[in-house]
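Below is one structure, written out as structure tokens, with a few remarks after it.
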Amino acid sequence: MANDHILTLSCPDKPGIVHAVTAIFAAHGHNILDLQQFSDPVFERFFMRVHFGPGGAGAGAATEHLAAPFEALAAEYGMEYDIRPTERRMRVLIMVSKIGHCLNDLLFRMKAKQLRIEVPLIVSNHADYEALAGSYGIPFHHLPVTKDTKEEQEARILELIAEHDIELVVLARYMQVLTPKLCAAMSGRIINIHHSFLPSFKGAKPYHQAYERGVKIIGATAHFVTKDLDEGPIIEQRVARVDHAMDPKELVEEGSNVESQVLAAAVRWYAERRVFLNNTKTVVFN
């Protein structure tokens with residue numbers, strides 16, 4: 001595992017891609033440990049994730065020798081690809097407001113090594129979770145925001161992203177709508193947890209809306225953030241059964257559990273390079 005790597009790639013679909021990729025690994029003595037692929041017949045695009053090892057006994061972790069053959073392959077197939085060590089932890093910025101169950105869950109899972117991430121900082125428009133961040137030794141940035149200061153506040157967020165080499169932003173119940181500028185700057189790199197099973201019950205108090213409608217299933221949706229509110233490509237959705245005897249508080253509690261599970265799954269899969277953007281949808285190898 002210490003010397004293993006993950007290759008991810010996508011390109012226009014055409015015959016011969018799998019053969020060409022696996023031939024490179026074979027030629028350089030690498031052992032393919034797991035390979036997943038998908039050909040989208042609608043968008044005619046191909047996606048692949050390969051977990052590979054160093055090959056022979058005593059082989060090192062270097063992959064520089066793969067650069068030239070994969071660059072040539074990328075040019076031939078119009079391919080976007082990335083190779084990175086499995087042990088490398090993704091640098092994640094978590095943003096939160098006044099509801100903290102998702103933040104708390106992510107931090108615990110990170111400490112328990114259930115998530116392959118590191119969190120260099122936490123940003124919030126409220127100061128409620130500064131102590132929680134401190135208990136994990138994570139710098140906490142309190143950046144209040146109003147409609148008049150949103151542009152300035154988001155400019156500071158972008159500065160922090162650059163300063164800390166952030167690869168992914170996670171909105172752990174961050175209850176502010178991001179501007180198109182920030183969405184564009186981090187396109188495909190912001191994950192949000194929506195506190196309902198999209199597209200139902202948008203807006204405030206979804207569990208109260210669910211209670212009033214007498215629903216039997218509630219859920220949560222993790223999706224990429226775009227300039228169109230709550231309409232970004234969906235990564236994961238889960239549901240929980242409820243019944244007529246549950247009041248709004250109990251629905252909120254059950255919903256909070258689902259939200260934490262869904263967001264943690266989405267973050268884990270993204271950090272493990274299992275999530276691919278595919279136009280308005282995603283491809284998720286899990």
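Ligands are numbered from 1 in the order shown, chains are lettered A, B, ... in the order of the structure tokens, and residues start at 1 in each chain.
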Considering only C-alpha atoms, return as a PyMOL selection string whatever protein or nucleic-acid residues lie within 7 Å of stretch 280-286 of chain A, sequence-local ones (same chain, fewer than 4 positions apart) excluded. chain A and resi 36+233-235+274-276
Could you turn the residues from that selection into a file that holds all heavy atoms, as an mmCIF file, in the first residue's frame?
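Listed below is the output, again01.cif:
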data_model
loop_
_atom_site.group_PDB
_atom_site.id
_atom_site.type_symbol
_atom_site.label_atom_id
_atom_site.label_comp_id
_atom_site.auth_asym_id
_atom_site.auth_seq_id
_atom_site.Cartn_x
_atom_site.Cartn_y
_atom_site.Cartn_z
ATOM 1 N N GLN A 36 -11.326 -0.132 -12.647
ATOM 2 C CA GLN A 36 -12.737 0.129 -12.903
ATOM 3 C C GLN A 36 -12.853 1.059 -14.102
ATOM 4 O O GLN A 36 -12.058 1.996 -14.256
ATOM 5 C CB GLN A 36 -13.398 0.760 -11.673
ATOM 6 C CG GLN A 36 -13.457 -0.167 -10.471
ATOM 7 C CD GLN A 36 -13.922 0.550 -9.217
ATOM 8 O OE1 GLN A 36 -13.186 1.348 -8.641
ATOM 9 N NE2 GLN A 36 -15.134 0.276 -8.787
ATOM 10 N N PRO A 233 -24.038 18.516 -10.096
ATOM 11 C CA PRO A 233 -23.988 17.059 -10.275
ATOM 12 C C PRO A 233 -23.986 16.318 -8.941
ATOM 13 O O PRO A 233 -23.224 16.645 -8.029
ATOM 14 C CB PRO A 233 -22.676 16.849 -11.040
ATOM 15 C CG PRO A 233 -22.460 18.124 -11.769
ATOM 16 C CD PRO A 233 -22.957 19.198 -10.851
ATOM 17 N N ILE A 234 -24.843 15.308 -8.841
ATOM 18 C CA ILE A 234 -25.035 14.572 -7.593
ATOM 19 C C ILE A 234 -23.978 13.479 -7.442
ATOM 20 O O ILE A 234 -23.719 12.716 -8.366
ATOM 21 C CB ILE A 234 -26.457 13.972 -7.544
ATOM 22 C CG1 ILE A 234 -27.492 15.106 -7.420
ATOM 23 C CG2 ILE A 234 -26.604 12.982 -6.397
ATOM 24 C CD1 ILE A 234 -28.927 14.645 -7.595
ATOM 25 N N ILE A 235 -23.389 13.400 -6.234
ATOM 26 C CA ILE A 235 -22.369 12.395 -5.934
ATOM 27 C C ILE A 235 -22.972 11.215 -5.181
ATOM 28 O O ILE A 235 -22.701 10.060 -5.491
ATOM 29 C CB ILE A 235 -21.224 13.014 -5.103
ATOM 30 C CG1 ILE A 235 -20.584 14.176 -5.868
ATOM 31 C CG2 ILE A 235 -20.167 11.958 -4.750
ATOM 32 C CD1 ILE A 235 -19.631 14.998 -5.024
ATOM 33 N N ARG A 274 -12.351 8.607 -6.771
ATOM 34 C CA ARG A 274 -13.385 7.739 -7.330
ATOM 35 C C ARG A 274 -14.494 8.514 -8.045
ATOM 36 O O ARG A 274 -15.394 7.900 -8.625
ATOM 37 C CB ARG A 274 -14.014 6.890 -6.214
ATOM 38 C CG ARG A 274 -13.028 5.968 -5.516
ATOM 39 C CD ARG A 274 -13.698 5.152 -4.408
ATOM 40 N NE ARG A 274 -12.734 4.323 -3.705
ATOM 41 C CZ ARG A 274 -12.352 3.115 -4.112
ATOM 42 N NH1 ARG A 274 -12.872 2.592 -5.210
ATOM 43 N NH2 ARG A 274 -11.465 2.422 -3.428
ATOM 44 N N VAL A 275 -14.462 9.836 -7.982
ATOM 45 C CA VAL A 275 -15.555 10.663 -8.496
ATOM 46 C C VAL A 275 -15.096 11.430 -9.730
ATOM 47 O O VAL A 275 -14.072 12.123 -9.698
ATOM 48 C CB VAL A 275 -16.052 11.656 -7.424
ATOM 49 C CG1 VAL A 275 -17.218 12.478 -7.960
ATOM 50 C CG2 VAL A 275 -16.455 10.914 -6.149
ATOM 51 N N PHE A 276 -15.869 11.300 -10.806
ATOM 52 C CA PHE A 276 -15.560 11.981 -12.060
ATOM 53 C C PHE A 276 -16.755 12.827 -12.465
ATOM 54 O O PHE A 276 -17.901 12.358 -12.433
ATOM 55 C CB PHE A 276 -15.292 10.970 -13.186
ATOM 56 C CG PHE A 276 -14.108 10.072 -12.965
ATOM 57 C CD1 PHE A 276 -14.177 9.013 -12.066
ATOM 58 C CD2 PHE A 276 -12.937 10.266 -13.668
ATOM 59 C CE1 PHE A 276 -13.099 8.164 -11.873
ATOM 60 C CE2 PHE A 276 -11.848 9.424 -13.480
ATOM 61 C CZ PHE A 276 -11.932 8.371 -12.583
#
Which polymer residues have any atom within 10 Å of an atom of stretch 251-253 of chain A, counting only C-alpha atoms, with same-chain residues fewer than 5 positions away left out, as a list in words? His101, His195, Lys205, Pro206, Tyr207, His208, Ala210, Tyr211, Ile218, Ala240, Arg241, Val242, Asp243, Met246, Val258 and Glu259 of chain A
Using N, CA and C atoms, can you write the selected residues to a file as an mmCIF file, in the first residue's frame?
data_model
loop_
_atom_site.group_PDB
_atom_site.id
_atom_site.type_symbol
_atom_site.label_atom_id
_atom_site.label_comp_id
_atom_site.auth_asym_id
_atom_site.auth_seq_id
_atom_site.Cartn_x
_atom_site.Cartn_y
_atom_site.Cartn_z
ATOM 1 N N HIS A 101 -23.143 19.097 13.066
ATOM 2 C CA HIS A 101 -23.013 17.640 13.109
ATOM 3 C C HIS A 101 -22.132 17.105 11.979
ATOM 4 N N HIS A 195 -29.752 19.237 2.734
ATOM 5 C CA HIS A 195 -30.529 18.578 3.767
ATOM 6 C C HIS A 195 -31.923 18.162 3.276
ATOM 7 N N LYS A 205 -36.147 24.774 6.453
ATOM 8 C CA LYS A 205 -36.906 23.801 7.239
ATOM 9 C C LYS A 205 -37.469 22.647 6.409
ATOM 10 N N PRO A 206 -36.628 21.905 5.734
ATOM 11 C CA PRO A 206 -37.132 20.818 4.890
ATOM 12 C C PRO A 206 -37.813 19.722 5.698
ATOM 13 N N TYR A 207 -37.321 19.467 6.924
ATOM 14 C CA TYR A 207 -37.927 18.400 7.715
ATOM 15 C C TYR A 207 -39.299 18.808 8.234
ATOM 16 N N HIS A 208 -39.494 20.100 8.456
ATOM 17 C CA HIS A 208 -40.828 20.568 8.833
ATOM 18 C C HIS A 208 -41.785 20.451 7.639
ATOM 19 N N ALA A 210 -41.444 18.221 5.336
ATOM 20 C CA ALA A 210 -41.681 16.784 5.226
ATOM 21 C C ALA A 210 -42.725 16.321 6.234
ATOM 22 N N TYR A 211 -42.636 16.873 7.449
ATOM 23 C CA TYR A 211 -43.610 16.514 8.489
ATOM 24 C C TYR A 211 -45.020 16.908 8.072
ATOM 25 N N ILE A 218 -37.138 10.160 4.282
ATOM 26 C CA ILE A 218 -36.374 11.401 4.183
ATOM 27 C C ILE A 218 -34.980 11.045 3.706
ATOM 28 N N ALA A 240 -33.719 7.480 4.747
ATOM 29 C CA ALA A 240 -34.072 6.794 5.992
ATOM 30 C C ALA A 240 -35.586 6.750 6.086
ATOM 31 N N ARG A 241 -36.120 5.651 6.562
ATOM 32 C CA ARG A 241 -37.555 5.512 6.710
ATOM 33 C C ARG A 241 -38.013 6.204 7.993
ATOM 34 N N VAL A 242 -39.118 6.907 7.906
ATOM 35 C CA VAL A 242 -39.736 7.571 9.055
ATOM 36 C C VAL A 242 -41.215 7.216 9.064
ATOM 37 N N ASP A 243 -41.906 7.607 10.137
ATOM 38 C CA ASP A 243 -43.331 7.292 10.176
ATOM 39 C C ASP A 243 -44.133 8.408 10.826
ATOM 40 N N MET A 246 -43.339 10.306 14.331
ATOM 41 C CA MET A 246 -42.163 11.140 14.548
ATOM 42 C C MET A 246 -42.504 12.612 14.378
ATOM 43 N N VAL A 258 -28.354 10.963 8.476
ATOM 44 C CA VAL A 258 -28.215 10.669 7.052
ATOM 45 C C VAL A 258 -27.273 11.670 6.392
ATOM 46 N N GLU A 259 -27.414 12.942 6.742
ATOM 47 C CA GLU A 259 -26.555 13.975 6.165
ATOM 48 C C GLU A 259 -25.085 13.669 6.430
#
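Compared by their closest atoms to A:Asn278, and using only C-alpha atoms, the residues A:Ser135, A:Asn3, A:Thr86, A:Ser39 rank with A:Ser39 nearest.
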Just asking: which residues within stretch 116-238 of chain A are strand (DSSP E) according to DSSP, as number ranges by chain? A: 117-124, 140-142, 168-171, 190-194, 217-224, 234-238
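With only C-alpha atoms as the atoms that count, the minimum distance from A:Pro12 to the choices A:Leu132, A:Ala245, A:Met48, A:Ala62 is reached by A:Met48.
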All residues 12 Å or closer to A:Leu106, only C-alpha atoms, same chain fewer than 6 positions away omitted, as a CSV table (one decimal) with C-alpha atoms, in the first residue's frame:
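Final output, result.csv:
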chain,number,residue,atom,x,y,z
A,92,VAL,CA,-9.6,19.9,2.4
A,93,LEU,CA,-11.1,23.2,3.6
A,94,ILE,CA,-14.3,22.7,5.6
A,95,MET,CA,-16.8,25.5,5.8
A,96,VAL,CA,-19.6,25.6,8.4
A,100,GLY,CA,-22.2,21.3,13.4
A,112,ALA,CA,-9.9,7.9,13.1
A,113,LYS,CA,-8.2,7.6,9.6
A,114,GLN,CA,-11.5,6.7,8.0
A,115,LEU,CA,-11.0,9.6,5.5
A,116,ARG,CA,-7.8,10.1,3.5
A,117,ILE,CA,-7.9,13.8,4.1
A,118,GLU,CA,-6.1,16.6,6.1
A,119,VAL,CA,-7.8,19.8,7.1
A,122,ILE,CA,-11.9,25.6,9.0
A,132,LEU,CA,-14.1,22.3,18.3
A,133,ALA,CA,-11.5,23.2,15.7
A,136,TYR,CA,-8.3,19.1,16.8
A,170,VAL,CA,-16.5,20.9,1.7
A,171,LEU,CA,-19.6,22.9,2.7
A,172,ALA,CA,-20.6,21.1,6.0
A,173,ARG,CA,-23.9,22.9,6.4
A,259,GLU,CA,-26.6,14.0,6.2
A,260,SER,CA,-23.4,13.0,8.0
A,261,GLN,CA,-23.2,9.6,6.4
A,262,VAL,CA,-23.8,11.0,2.9
A,263,LEU,CA,-21.3,13.8,3.1
A,264,ALA,CA,-18.6,11.5,4.6
A,265,ALA,CA,-19.1,9.0,1.8
A,266,ALA,CA,-18.9,11.8,-0.9
A,267,VAL,CA,-15.7,13.2,0.7
A,268,ARG,CA,-14.1,9.8,1.0
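Compared by their closest atoms to A:His244, and using only C-alpha atoms, the residues A:Glu212, A:Ser256, A:Pro54, A:Arg189 rank with A:Glu212 nearest.
Distance annotation: of A:Phe52, A:Lys14, A:Val225, A:Gln176, the residue with the minimal separation from A:Thr146 is A:Gln176; atom set is only C-alpha atoms.
The residue that comes closest to A:Asp34, out of A:Cys11, A:Ile6, A:Leu143, A:Ala72 and on the basis of only C-alpha atoms, is A:Ile6.
Considering only C-alpha atoms, the residue among A:Gln209, A:Thr22, A:Thr179, A:Gln37 positioned nearest to A:Leu158 is A:Thr179.
From atom CA of A:Gly255 back to atom CA of A:Lys98, the distance works out to 16.2 Å.
Atom CA of A:Arg156 is positioned 19.8 Å from atom CA of A:Gly188.
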